[in-house]
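Okay, structure_5.cif now, which holds mmCIF, C-alpha atoms (C1' of nucleotides):
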data_final
loop_
_atom_site.label_atom_id
_atom_site.label_comp_id
_atom_site.auth_asym_id
_atom_site.auth_seq_id
_atom_site.Cartn_x
_atom_site.Cartn_y
_atom_site.Cartn_z
CA MET A 1 -34.82 29.59 3.85
CA PHE A 2 -31.82 30.02 6.11
CA LYS A 3 -33.97 31.77 8.69
CA SER A 4 -36.49 28.98 8.90
CA TYR A 5 -33.65 26.50 9.22
CA LEU A 6 -32.29 28.45 12.17
CA ASP A 7 -35.78 28.70 13.68
CA SER A 8 -36.11 24.95 13.47
CA ARG A 9 -32.96 24.49 15.50
CA MET A 10 -33.06 27.28 18.06
CA SER A 11 -35.23 30.17 19.17
CA LEU A 12 -33.96 33.55 18.09
CA THR A 13 -35.22 37.07 18.53
CA GLY A 14 -35.73 39.30 15.53
CA ALA A 15 -32.62 41.25 16.47
CA GLN A 16 -30.55 38.10 16.62
CA HIS A 17 -31.81 37.06 13.22
CA GLU A 18 -30.82 40.46 11.87
CA TRP A 19 -27.42 40.25 13.45
CA ILE A 20 -26.67 36.78 12.18
CA TRP A 21 -27.88 37.76 8.76
CA SER A 22 -25.63 40.81 8.75
CA ASN A 23 -22.68 38.44 9.08
CA CYS A 24 -23.72 36.36 6.10
CA THR A 25 -22.95 36.68 2.41
CA VAL A 26 -25.08 35.09 -0.25
CA LYS A 27 -23.35 33.39 -3.15
CA ARG A 28 -25.09 32.39 -6.32
CA LEU A 29 -23.42 29.73 -8.42
CA ARG A 30 -24.40 28.56 -11.86
CA LYS A 31 -23.97 24.94 -12.79
CA LYS A 32 -20.28 23.94 -12.91
CA GLN A 33 -19.03 27.02 -11.08
CA TYR A 34 -16.70 26.55 -8.17
CA LEU A 35 -17.32 27.35 -4.54
CA LEU A 36 -13.85 26.09 -3.69
CA GLN A 37 -10.91 24.98 -5.78
CA GLN A 38 -8.25 22.46 -4.93
CA GLY A 39 -5.25 24.31 -3.51
CA ASP A 40 -7.23 27.24 -2.14
CA ILE A 41 -7.69 27.75 1.56
CA TRP A 42 -11.22 27.37 2.83
CA LYS A 43 -12.15 29.81 5.58
CA SER A 44 -15.92 29.75 5.89
CA HIS A 45 -19.01 27.82 6.71
CA ALA A 46 -21.48 27.41 3.89
CA PHE A 47 -25.18 26.64 4.04
CA VAL A 48 -26.99 25.62 0.88
CA THR A 49 -30.38 27.30 0.39
CA LYS A 50 -30.89 26.16 -3.16
CA GLY A 51 -29.35 23.71 -5.57
CA LEU A 52 -26.91 20.86 -5.34
CA LEU A 53 -23.16 20.83 -4.81
CA ARG A 54 -20.46 18.24 -4.76
CA THR A 55 -17.12 17.97 -3.02
CA TYR A 56 -14.48 16.05 -4.94
CA SER A 57 -10.82 15.73 -5.73
CA ILE A 58 -8.99 15.20 -8.98
CA ASP A 59 -5.88 13.05 -9.24
CA LYS A 60 -2.91 13.39 -11.60
CA SER A 61 -4.63 11.40 -14.32
CA GLY A 62 -7.68 13.64 -14.16
CA ILE A 63 -10.04 11.21 -12.48
CA GLU A 64 -12.59 12.78 -10.16
CA TYR A 65 -13.46 11.32 -6.78
CA VAL A 66 -16.69 12.55 -5.21
CA ILE A 67 -16.48 12.78 -1.44
CA SER A 68 -19.88 14.23 -0.70
CA PHE A 69 -22.96 16.00 -1.95
CA ALA A 70 -24.82 18.89 -0.39
CA MET A 71 -28.26 20.24 -1.16
CA GLU A 72 -30.88 22.50 0.40
CA ASN A 73 -30.52 22.70 4.18
CA TRP A 74 -27.11 21.08 4.20
CA TRP A 75 -23.83 22.59 5.26
CA THR A 76 -20.79 22.16 3.09
CA GLY A 77 -17.14 23.25 2.96
CA ASP A 78 -13.83 21.70 3.82
CA ARG A 79 -13.33 21.30 7.53
CA GLU A 80 -9.82 19.99 7.06
CA SER A 81 -8.62 23.16 5.38
CA LEU A 82 -10.73 25.29 7.71
CA MET A 83 -9.16 23.75 10.77
CA SER A 84 -5.58 23.38 9.55
CA GLY A 85 -5.33 26.52 7.45
CA GLU A 86 -3.72 24.39 4.75
CA PRO A 87 -4.71 24.44 1.08
CA SER A 88 -7.68 22.24 0.37
CA ARG A 89 -7.37 18.92 -1.38
CA PHE A 90 -10.91 19.28 -2.65
CA ASN A 91 -13.02 21.12 -5.16
CA ILE A 92 -16.58 22.09 -4.48
CA ASP A 93 -18.76 23.00 -7.41
CA ALA A 94 -22.39 23.32 -8.35
CA ILE A 95 -24.20 20.43 -10.01
CA GLU A 96 -27.26 22.65 -10.36
CA ASP A 97 -27.61 26.43 -10.18
CA SER A 98 -27.28 27.03 -6.47
CA GLU A 99 -27.53 29.58 -3.71
CA ILE A 100 -25.27 29.44 -0.71
CA VAL A 101 -25.18 31.41 2.52
CA VAL A 102 -21.55 31.92 3.47
CA ILE A 103 -20.33 32.85 6.94
CA GLU A 104 -16.68 33.55 7.49
CA LYS A 105 -14.87 31.47 10.07
CA GLU A 106 -14.27 34.36 12.48
CA LYS A 107 -17.82 35.63 12.26
CA PHE A 108 -19.15 32.14 12.69
CA GLU A 109 -17.12 31.75 15.85
CA ILE A 110 -18.38 35.03 17.22
CA ILE A 111 -21.95 33.96 16.59
CA CYS A 112 -21.23 30.69 18.36
CA LYS A 113 -19.96 32.58 21.37
CA GLU A 114 -22.87 34.98 21.53
CA ILE A 115 -25.67 32.53 20.85
CA PRO A 116 -25.40 29.25 22.74
CA GLY A 117 -28.09 27.65 20.60
CA PHE A 118 -26.06 28.40 17.51
CA ASN A 119 -23.02 26.84 19.08
CA GLU A 120 -24.97 23.72 19.96
CA MET A 121 -26.17 23.52 16.41
CA ALA A 122 -22.59 23.72 15.15
CA ASN A 123 -21.49 20.94 17.47
CA ASP A 124 -24.49 18.88 16.60
CA ILE A 125 -23.79 19.16 12.89
CA ILE A 126 -20.23 17.97 13.18
CA GLN A 127 -21.31 15.16 15.45
CA ARG A 128 -23.86 14.01 12.91
CA ASN A 129 -21.38 14.36 10.10
CA PHE A 130 -18.95 12.20 11.97
CA ILE A 131 -21.53 9.53 12.64
CA ALA A 132 -22.58 9.55 8.99
CA SER A 133 -18.92 9.14 8.01
CA GLN A 134 -18.53 6.19 10.35
CA ILE A 135 -21.54 4.51 8.84
CA ARG A 136 -20.21 5.13 5.37
CA ILE A 137 -16.83 3.69 6.28
CA HIS A 138 -18.54 0.70 7.82
CA GLU A 139 -20.57 0.15 4.68
CA SER A 140 -17.58 0.61 2.44
CA ILE A 141 -15.79 -2.30 4.06
CA SER A 142 -18.72 -4.54 4.95
CA SER A 143 -21.24 -4.25 2.12
CA SER A 144 -21.42 -5.38 -1.47
CA ILE A 145 -21.68 -2.76 -4.17
CA TYR A 146 -25.32 -3.63 -4.59
CA GLU A 147 -25.98 -3.01 -0.92
CA LYS A 148 -24.04 0.23 -0.94
CA TYR A 149 -26.06 1.50 -3.85
CA GLN A 150 -29.35 0.47 -2.22
CA SER A 151 -28.33 2.14 0.98
CA PHE A 152 -27.37 5.30 -0.89
CA ILE A 153 -30.66 5.69 -2.74
CA GLN A 154 -32.59 5.01 0.43
CA ARG A 155 -30.59 7.39 2.55
CA TYR A 156 -30.32 10.12 -0.05
CA PRO A 157 -33.14 9.71 -2.57
CA SER A 158 -32.77 13.29 -3.76
CA PHE A 159 -29.12 12.89 -4.57
CA ALA A 160 -29.91 9.71 -6.46
CA LEU A 161 -32.42 11.61 -8.57
CA ARG A 162 -30.54 14.84 -9.07
CA ALA A 163 -26.90 13.85 -9.43
CA PRO A 164 -25.56 12.13 -12.56
CA GLN A 165 -24.87 8.42 -12.28
CA SER A 166 -21.21 8.97 -12.92
CA MET A 167 -20.90 11.09 -9.78
CA ILE A 168 -22.85 8.60 -7.71
CA ALA A 169 -20.56 5.87 -8.97
CA SER A 170 -17.58 7.91 -7.93
CA TYR A 171 -19.12 8.54 -4.52
CA LEU A 172 -19.59 4.80 -4.10
CA GLY A 173 -16.02 4.13 -5.17
CA ILE A 174 -16.79 2.31 -8.41
CA THR A 175 -16.72 3.14 -12.12
CA ARG A 176 -19.81 4.41 -13.90
CA GLU A 177 -19.87 1.25 -16.01
CA THR A 178 -20.06 -0.95 -12.94
CA LEU A 179 -22.80 1.18 -11.45
CA SER A 180 -24.75 0.92 -14.66
CA ARG A 181 -24.53 -2.86 -14.51
CA VAL A 182 -25.45 -3.00 -10.85
CA ARG A 183 -28.51 -0.89 -11.56
CA HIS A 184 -29.58 -3.32 -14.22
CA ARG A 185 -29.24 -6.25 -11.89
CA THR A 186 -31.26 -4.23 -9.38
CA ALA A 187 -34.00 -3.63 -11.91
CA LYS A 188 -34.19 -7.33 -12.73
CA LYS A 189 -34.51 -8.36 -9.12
CA SER A 190 -37.59 -6.24 -8.53
CA MET B 1 -1.48 9.18 32.20
CA PHE B 2 -4.95 10.68 31.86
CA LYS B 3 -3.88 13.67 33.94
CA SER B 4 -0.91 14.49 31.79
CA TYR B 5 -3.11 14.19 28.72
CA LEU B 6 -5.49 16.74 30.20
CA ASP B 7 -2.60 18.98 31.16
CA SER B 8 -1.36 18.91 27.60
CA ARG B 9 -4.71 20.19 26.38
CA MET B 10 -5.82 22.68 29.05
CA SER B 11 -4.64 24.19 32.29
CA LEU B 12 -6.37 22.81 35.35
CA THR B 13 -6.08 23.46 39.06
CA GLY B 14 -5.43 20.61 41.44
CA ALA B 15 -9.02 20.80 42.61
CA GLN B 16 -10.31 20.53 39.07
CA HIS B 17 -8.13 17.51 38.46
CA GLU B 18 -9.52 15.92 41.60
CA TRP B 19 -13.06 16.70 40.59
CA ILE B 20 -12.70 15.34 37.07
CA TRP B 21 -11.01 12.27 38.42
CA SER B 22 -13.83 11.70 40.91
CA ASN B 23 -16.16 11.39 37.92
CA CYS B 24 -14.04 8.74 36.23
CA THR B 25 -13.99 4.98 36.50
CA VAL B 26 -11.02 2.88 35.53
CA LYS B 27 -11.63 -0.31 33.61
CA ARG B 28 -9.04 -2.99 33.12
CA LEU B 29 -9.57 -5.36 30.23
CA ARG B 30 -7.61 -8.47 29.44
CA LYS B 31 -6.99 -9.43 25.85
CA LYS B 32 -10.23 -10.38 24.07
CA GLN B 33 -12.52 -8.91 26.72
CA TYR B 34 -15.28 -6.59 25.64
CA LEU B 35 -15.68 -2.93 26.42
CA LEU B 36 -18.90 -2.86 24.40
CA GLN B 37 -20.96 -5.56 22.76
CA GLN B 38 -23.09 -5.29 19.67
CA GLY B 39 -26.67 -4.59 20.78
CA ASP B 40 -25.76 -2.87 24.02
CA ILE B 41 -26.28 0.84 24.46
CA TRP B 42 -23.13 2.88 24.83
CA LYS B 43 -23.42 5.74 27.30
CA SER B 44 -19.90 6.90 28.07
CA HIS B 45 -16.70 8.43 26.84
CA ALA B 46 -13.64 6.22 27.10
CA PHE B 47 -9.99 7.22 27.15
CA VAL B 48 -7.34 4.57 26.68
CA THR B 49 -4.40 4.83 29.09
CA LYS B 50 -2.85 1.50 28.24
CA GLY B 51 -3.22 -1.15 25.59
CA LEU B 52 -4.95 -1.44 22.27
CA LEU B 53 -8.62 -1.78 21.41
CA ARG B 54 -10.61 -2.30 18.26
CA THR B 55 -14.12 -1.35 17.20
CA TYR B 56 -15.76 -3.78 14.82
CA SER B 57 -18.99 -5.37 13.73
CA ILE B 58 -19.88 -8.95 12.93
CA ASP B 59 -22.29 -9.87 10.17
CA LYS B 60 -24.65 -12.84 9.94
CA SER B 61 -21.97 -15.07 8.50
CA GLY B 62 -19.61 -14.26 11.34
CA ILE B 63 -17.21 -12.06 9.40
CA GLU B 64 -15.63 -9.25 11.41
CA TYR B 65 -15.25 -5.72 10.05
CA VAL B 66 -12.82 -3.50 11.90
CA ILE B 67 -13.92 0.13 11.94
CA SER B 68 -11.19 1.59 14.09
CA PHE B 69 -8.39 1.05 16.53
CA ALA B 70 -7.60 2.95 19.70
CA MET B 71 -4.47 2.93 21.81
CA GLU B 72 -2.85 5.02 24.53
CA ASN B 73 -4.08 8.64 24.50
CA TRP B 74 -6.96 7.90 22.17
CA TRP B 75 -10.64 8.17 22.87
CA THR B 76 -12.94 5.38 21.86
CA GLY B 77 -16.60 4.42 22.12
CA ASP B 78 -19.61 4.52 19.85
CA ARG B 79 -20.81 8.04 19.20
CA GLU B 80 -23.74 6.80 17.18
CA SER B 81 -25.22 4.84 20.06
CA LEU B 82 -24.23 7.56 22.51
CA MET B 83 -26.06 10.21 20.55
CA SER B 84 -29.09 8.22 19.45
CA GLY B 85 -29.57 6.07 22.54
CA GLU B 86 -30.00 3.11 20.19
CA PRO B 87 -28.25 -0.26 20.61
CA SER B 88 -24.78 -0.24 19.14
CA ARG B 89 -23.95 -1.97 15.91
CA PHE B 90 -20.37 -2.40 17.09
CA ASN B 91 -18.23 -4.40 19.45
CA ILE B 92 -15.22 -2.95 21.14
CA ASP B 93 -12.70 -5.34 22.61
CA ALA B 94 -9.12 -5.43 23.77
CA ILE B 95 -6.37 -6.58 21.42
CA GLU B 96 -3.90 -6.28 24.27
CA ASP B 97 -4.46 -6.10 28.02
CA SER B 98 -5.74 -2.56 28.41
CA GLU B 99 -6.68 0.15 30.84
CA ILE B 100 -9.47 2.58 30.09
CA VAL B 101 -10.73 5.68 31.86
CA VAL B 102 -14.50 5.76 31.52
CA ILE B 103 -16.63 8.86 32.02
CA GLU B 104 -20.38 8.57 31.87
CA LYS B 105 -22.21 10.70 29.36
CA GLU B 106 -23.97 12.88 31.96
CA LYS B 107 -20.84 13.42 33.97
CA PHE B 108 -18.90 14.21 30.85
CA GLU B 109 -21.43 16.85 29.91
CA ILE B 110 -21.29 18.41 33.34
CA ILE B 111 -17.52 18.62 33.12
CA CYS B 112 -17.86 20.23 29.70
CA LYS B 113 -20.19 22.85 31.16
CA GLU B 114 -17.98 23.61 34.13
CA ILE B 115 -14.62 23.62 32.40
CA PRO B 116 -14.56 25.46 29.07
CA GLY B 117 -11.19 24.00 28.19
CA PHE B 118 -12.57 20.52 28.57
CA ASN B 119 -15.45 21.41 26.32
CA GLU B 120 -13.10 22.74 23.70
CA MET B 121 -11.13 19.54 23.89
CA ALA B 122 -14.28 17.52 23.35
CA ASN B 123 -15.22 19.57 20.29
CA ASP B 124 -11.71 19.42 18.99
CA ILE B 125 -11.63 15.65 19.25
CA ILE B 126 -14.79 15.15 17.29
CA GLN B 127 -13.65 17.64 14.69
CA ARG B 128 -10.40 15.75 14.25
CA ASN B 129 -12.21 12.45 14.14
CA PHE B 130 -14.45 13.77 11.43
CA ILE B 131 -11.53 15.03 9.38
CA ALA B 132 -9.75 11.70 9.77
CA SER B 133 -12.91 9.94 8.58
CA GLN B 134 -13.13 12.19 5.55
CA ILE B 135 -9.55 11.40 4.65
CA ARG B 136 -10.19 7.71 5.07
CA ILE B 137 -13.28 7.87 2.88
CA HIS B 138 -11.33 9.79 0.31
CA GLU B 139 -8.60 7.20 0.32
CA SER B 140 -11.03 4.33 0.20
CA ILE B 141 -12.44 5.56 -3.10
CA SER B 142 -9.36 7.11 -4.66
CA SER B 143 -6.41 4.91 -3.72
CA SER B 144 -5.20 1.47 -4.64
CA ILE B 145 -4.93 -1.15 -1.94
CA TYR B 146 -1.19 -0.73 -1.97
CA GLU B 147 -1.50 3.00 -1.36
CA LYS B 148 -4.06 2.51 1.38
CA TYR B 149 -1.78 0.10 3.16
CA GLN B 150 1.21 2.43 2.82
CA SER B 151 -0.84 5.30 4.11
CA PHE B 152 -2.04 3.22 7.04
CA ILE B 153 1.40 2.15 8.21
CA GLN B 154 2.69 5.69 7.86
CA ARG B 155 -0.21 7.26 9.65
CA TYR B 156 -0.51 4.63 12.36
CA PRO B 157 2.82 2.82 12.69
CA SER B 158 1.94 1.53 16.14
CA PHE B 159 -1.25 -0.08 14.97
CA ALA B 160 0.64 -1.69 12.13
CA LEU B 161 3.07 -3.21 14.61
CA ARG B 162 0.67 -4.17 17.36
CA ALA B 163 -2.47 -5.33 15.59
CA PRO B 164 -2.65 -8.66 13.74
CA GLN B 165 -2.54 -8.48 9.96
CA SER B 166 -5.99 -9.93 9.72
CA MET B 167 -7.46 -6.98 11.59
CA ILE B 168 -5.52 -4.49 9.52
CA ALA B 169 -6.80 -6.21 6.40
CA SER B 170 -10.33 -5.90 7.70
CA TYR B 171 -9.77 -2.23 8.52
CA LEU B 172 -8.59 -1.67 4.95
CA GLY B 173 -11.59 -3.50 3.56
CA ILE B 174 -9.72 -6.48 2.10
CA THR B 175 -9.11 -10.11 3.05
CA ARG B 176 -6.06 -11.15 5.00
CA GLU B 177 -4.82 -13.16 2.01
CA THR B 178 -4.89 -10.10 -0.21
CA LEU B 179 -3.09 -8.03 2.41
CA SER B 180 -0.45 -10.71 2.66
CA ARG B 181 0.13 -10.56 -1.09
CA VAL B 182 0.20 -6.78 -1.12
CA ARG B 183 2.79 -6.80 1.62
CA HIS B 184 4.97 -9.09 -0.42
CA ARG B 185 4.74 -6.86 -3.42
CA THR B 186 5.62 -4.00 -1.07
CA ALA B 187 8.67 -5.83 0.18
CA LYS B 188 9.86 -6.48 -3.36
CA LYS B 189 9.55 -2.83 -4.37
CA SER B 190 11.81 -1.61 -1.60
"C1'" DC C 1 -31.70 19.64 -35.57
"C1'" DG C 2 -26.89 19.21 -34.18
"C1'" DA C 3 -23.71 18.97 -30.49
"C1'" DT C 4 -22.51 17.85 -26.22
"C1'" DT C 5 -22.93 15.14 -22.24
"C1'" DC C 6 -24.29 11.06 -19.95
"C1'" DT C 7 -25.33 6.17 -19.92
"C1'" DT C 8 -25.19 1.62 -21.53
"C1'" DT C 9 -23.13 -2.53 -23.60
"C1'" DG C 10 -19.60 -5.92 -24.94
"C1'" DA C 11 -15.27 -8.38 -24.66
"C1'" DA C 12 -10.86 -8.92 -22.64
"C1'" DA C 13 -7.69 -8.19 -18.97
"C1'" DA C 14 -6.65 -7.26 -14.21
"C1'" DC C 15 -7.70 -7.90 -9.72
"C1'" DA C 16 -9.51 -9.56 -5.30
"C1'" DG C 17 -11.96 -13.30 -3.11
"C1'" DT C 18 -12.46 -18.18 -1.76
"C1'" DC C 19 -11.00 -22.52 -0.18
"C1'" DA C 20 -7.68 -25.55 1.31
"C1'" DA C 21 -3.15 -26.62 2.59
"C1'" DT C 22 1.15 -25.31 4.53
"C1'" DC C 23 4.19 -22.63 7.31
"C1'" DT C 24 5.64 -19.87 11.40
"C1'" DG C 25 5.94 -18.50 15.87
"C1'" DT C 26 4.23 -18.70 20.67
"C1'" DG C 27 3.04 -20.66 24.69
"C1'" DT C 28 1.67 -24.71 27.49
"C1'" DG C 29 2.02 -28.96 29.76
"C1'" DG C 30 4.34 -33.25 30.21
"C1'" DC D 1 13.59 -29.21 27.14
"C1'" DC D 2 10.75 -31.15 23.94
"C1'" DA D 3 6.35 -32.00 21.77
"C1'" DC D 4 2.13 -30.43 20.81
"C1'" DA D 5 -1.55 -27.32 20.08
"C1'" DC D 6 -3.02 -22.99 18.64
"C1'" DA D 7 -3.36 -18.66 16.44
"C1'" DG D 8 -1.77 -16.05 12.84
"C1'" DA D 9 0.34 -15.59 8.24
"C1'" DT D 10 1.37 -17.25 3.74
"C1'" DT D 11 0.86 -19.71 -0.68
"C1'" DG D 12 -1.40 -21.85 -4.71
"C1'" DA D 13 -5.13 -22.90 -7.78
"C1'" DC D 14 -9.45 -21.45 -9.06
"C1'" DT D 15 -13.57 -18.57 -9.21
"C1'" DG D 16 -15.98 -14.40 -9.42
"C1'" DT D 17 -16.15 -9.51 -9.82
"C1'" DT D 18 -14.59 -5.06 -11.34
"C1'" DT D 19 -11.95 -2.37 -14.47
"C1'" DT D 20 -10.57 -0.96 -18.88
"C1'" DC D 21 -11.21 0.32 -23.49
"C1'" DA D 22 -13.98 1.11 -27.30
"C1'" DA D 23 -18.24 1.80 -29.40
"C1'" DA D 24 -22.99 2.62 -29.60
"C1'" DG D 25 -27.31 4.51 -27.54
"C1'" DA D 26 -30.11 7.98 -24.90
"C1'" DA D 27 -30.93 12.37 -23.23
"C1'" DT D 28 -30.42 17.25 -22.84
"C1'" DC D 29 -29.63 21.92 -24.38
"C1'" DG D 30 -28.99 25.67 -27.33
#
I'd like the structure from this file rewritten - as structure tokens, please.
Amino acid sequence: MFKSYLDSRMSLTGAQHEWIWSNCTVKRLRKKQYLLQQGDIWKSHAFVTKGLLRTYSIDKSGIEYVISFAMENWWTGDRESLMSGEPSRFNIDAIEDSEIVVIEKEKFEIICKEIPGFNEMANDIIQRNFIASQIRIHESISSSIYEKYQSFIQRYPSFALRAPQSMIASYLGITRETLSRVRHRTAKKS
Amino acid sequence: MFKSYLDSRMSLTGAQHEWIWSNCTVKRLRKKQYLLQQGDIWKSHAFVTKGLLRTYSIDKSGIEYVISFAMENWWTGDRESLMSGEPSRFNIDAIEDSEIVVIEKEKFEIICKEIPGFNEMANDIIQRNFIASQIRIHESISSSIYEKYQSFIQRYPSFALRAPQSMIASYLGITRETLSRVRHRTAKKS
DNA sequence: CGATTCTTTGAAAACAGTCAATCTGTGTGG
DNA sequence: CCACACAGATTGACTGTTTTCAAAGAATCG
């Protein structure tokens, strides 16, 4: 899974594959288990080979705010904590039983140095993430809830199918009740 | 201005400074003039040496949505258009008379290849931008308007002083009337 | 089947948006 | 120097939307 992803983004020799792989750890998480907990320091890069994860925070009153999802072939983690070395403000946990390839920060950087294609991939990913964030910010201030929801299910149909409505609502910045009502209006319109 | 910024982020010889500078163009914009217009393709990197700019879109009904501000020592532009080669969905214009150092995409990439420190800077900038976006997204779904406004003026005091309230309101995703009322409540509390 | 989790629904309250009018400050031209 | 025009900010009344709280209905899992 991880290998074919790498092959799709760069050309690697067998030895390089081996070497990269030797720097990876595989983590298996059952539903609801944590990959990262609020307050811990995140020091890795994580590639999802199976399952579905979410990144979220919890405020004082216990309300959860979903920042992002990640599924097969997505990278996840907390770049803020990774870069600053500060404790993370987020939790990451598994929505489904999942499998994650973890590469420690230092090892990741060494791979980047040794394999230019890998480095380009890393830069490309963050670039794309940033652009996706910009679009999301733009939508959050310029679109109606209905439009945001439509945009979400079109952009991420798998998330819409696999994640509970309550988490999608949180991702969109609304309550689950409001999402439920918006969905009904949606159904009527079609 | 641009030179001292570069010096603060990497060590360069005089010749390197010269060379980088020879790949730059300086643009002077008067208030309200465009750096980029919706529909045009953005192909550069732009560093603000003086003034204040905003990135925003306009919808069919003429409403403006401010995505970001940029002032002295900030980079601006549209990474989405830059990366995809597609027409931009944004406008960038000057809120104050401004001065911008523009480097074309190709030239920028050459500089990145030749000067590792410059390349690191470029990666660092996008990383920071991404993290800032994540924080903004997090705030947009988890904070009250009052908290978002407080956070904005603390994080970007200069923007709060130099940009009109209506643009700040747009940036925060609310109307200028609502921002006005929130500010009054703010004033009362202190 | 029972228990838990997730979703839906209803009614009331809180909140932000809209529209229109007023107010404030700035800068220009007479 | 004043008067006026203009852009930006505020206020009020009203409308529309979202949240909140509580309860009931599905769906899922052991």
Inset, instruction - Kindly give the distance, in Å, that separates atom CA of Pro157 of chain B and atom CA of Tyr34 of chain B, rounded to a single decimal. - result: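 Atom-to-atom, atom CA of Pro157 of chain B and atom CA of Tyr34 of chain B are spaced 24.2 Å apart.
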Legend entry - Exercise: DA13 of chain D partners within 12 Å, only C-alpha atoms (C1' of nucleotides), chain neighbours under 2 positions left out, as JSON, numbers by chain: {"C": [18, 19, 20, 21], "D": [11, 15]}
Residues from the last selection, C-alpha atoms (C1' of nucleotides), saved as an mmCIF file, in the frame of the given file:
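Writing done, so here's again_2.cif:
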data_model
loop_
_atom_site.group_PDB
_atom_site.id
_atom_site.type_symbol
_atom_site.label_atom_id
_atom_site.label_comp_id
_atom_site.auth_asym_id
_atom_site.auth_seq_id
_atom_site.Cartn_x
_atom_site.Cartn_y
_atom_site.Cartn_z
ATOM 1 C "C1'" DT C 18 -12.460 -18.180 -1.760
ATOM 2 C "C1'" DC C 19 -11.000 -22.520 -0.180
ATOM 3 C "C1'" DA C 20 -7.680 -25.550 1.310
ATOM 4 C "C1'" DA C 21 -3.150 -26.620 2.590
ATOM 5 C "C1'" DT D 11 0.860 -19.710 -0.680
ATOM 6 C "C1'" DT D 15 -13.570 -18.570 -9.210
#
Legend entry - Pairwise distance for atom CA of Ile137 of chain B and atom CA of Ser133 of chain A, rounded to one decimal in Å: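 The value is 7.7 Å.
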Legend entry - Residue list for chain C near chain A as a list in words, 9 Å, all atoms listed in the file: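 Applying the cut-off to the listed atoms yields DC6, DT7 and DT8 of chain C.
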Inset, instruction - Check every residue of chain D for an atom within 9 Å of chain B, counting all atoms listed in the file, and provide those that qualify as a count of residues only. - result: 3
Legend entry - Proximal residues of chain A relative to chain B (only C-alpha atoms; 12 Å) as an NGL selection string: :A and (55-68 or 77-84 or 88-90 or 113 or 116 or 119-120 or 122-144 or 168-175)
Legend entry - Near-segment 3-6 of chain D list (9 Å; only C-alpha atoms (C1' of nucleotides); drop same-chain fewer than 3 positions) as an MDAnalysis selection string: chainID C and resid 26:28 30
Could you write segment 12-24 of chain A as a compact mmCIF listing (two decimals), keeping the file's coordinate frame, with N, CA and C atoms rebuilt where they are missing?
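Okay, part_0.txt is ready:
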# COMPACT_ATOMS: atom_id res chain seq x y z
N LEU A 12 -34.72 32.31 18.24
CA LEU A 12 -33.96 33.55 18.09
C LEU A 12 -34.91 34.74 18.08
N THR A 13 -34.44 35.84 18.61
CA THR A 13 -35.22 37.07 18.53
C THR A 13 -35.02 37.67 17.15
N GLY A 14 -35.87 38.62 16.82
CA GLY A 14 -35.73 39.30 15.53
C GLY A 14 -34.37 39.95 15.40
N ALA A 15 -33.92 40.56 16.50
CA ALA A 15 -32.62 41.25 16.47
C ALA A 15 -31.48 40.26 16.21
N GLN A 16 -31.59 39.10 16.82
CA GLN A 16 -30.55 38.10 16.62
C GLN A 16 -30.52 37.63 15.17
N HIS A 17 -31.72 37.43 14.63
CA HIS A 17 -31.81 37.06 13.22
C HIS A 17 -31.10 38.11 12.35
N GLU A 18 -31.44 39.34 12.61
CA GLU A 18 -30.82 40.46 11.87
C GLU A 18 -29.31 40.41 11.97
N TRP A 19 -28.86 40.22 13.20
CA TRP A 19 -27.42 40.25 13.45
C TRP A 19 -26.69 39.10 12.75
N ILE A 20 -27.27 37.92 12.88
CA ILE A 20 -26.67 36.78 12.18
C ILE A 20 -26.63 37.07 10.68
N TRP A 21 -27.76 37.51 10.20
CA TRP A 21 -27.88 37.76 8.76
C TRP A 21 -26.86 38.78 8.27
N SER A 22 -26.58 39.76 9.13
CA SER A 22 -25.63 40.81 8.75
C SER A 22 -24.20 40.26 8.63
N ASN A 23 -23.99 39.08 9.18
CA ASN A 23 -22.68 38.44 9.08
C ASN A 23 -22.59 37.43 7.94
N CYS A 24 -23.67 37.36 7.18
CA CYS A 24 -23.72 36.36 6.10
C CYS A 24 -23.53 37.03 4.74
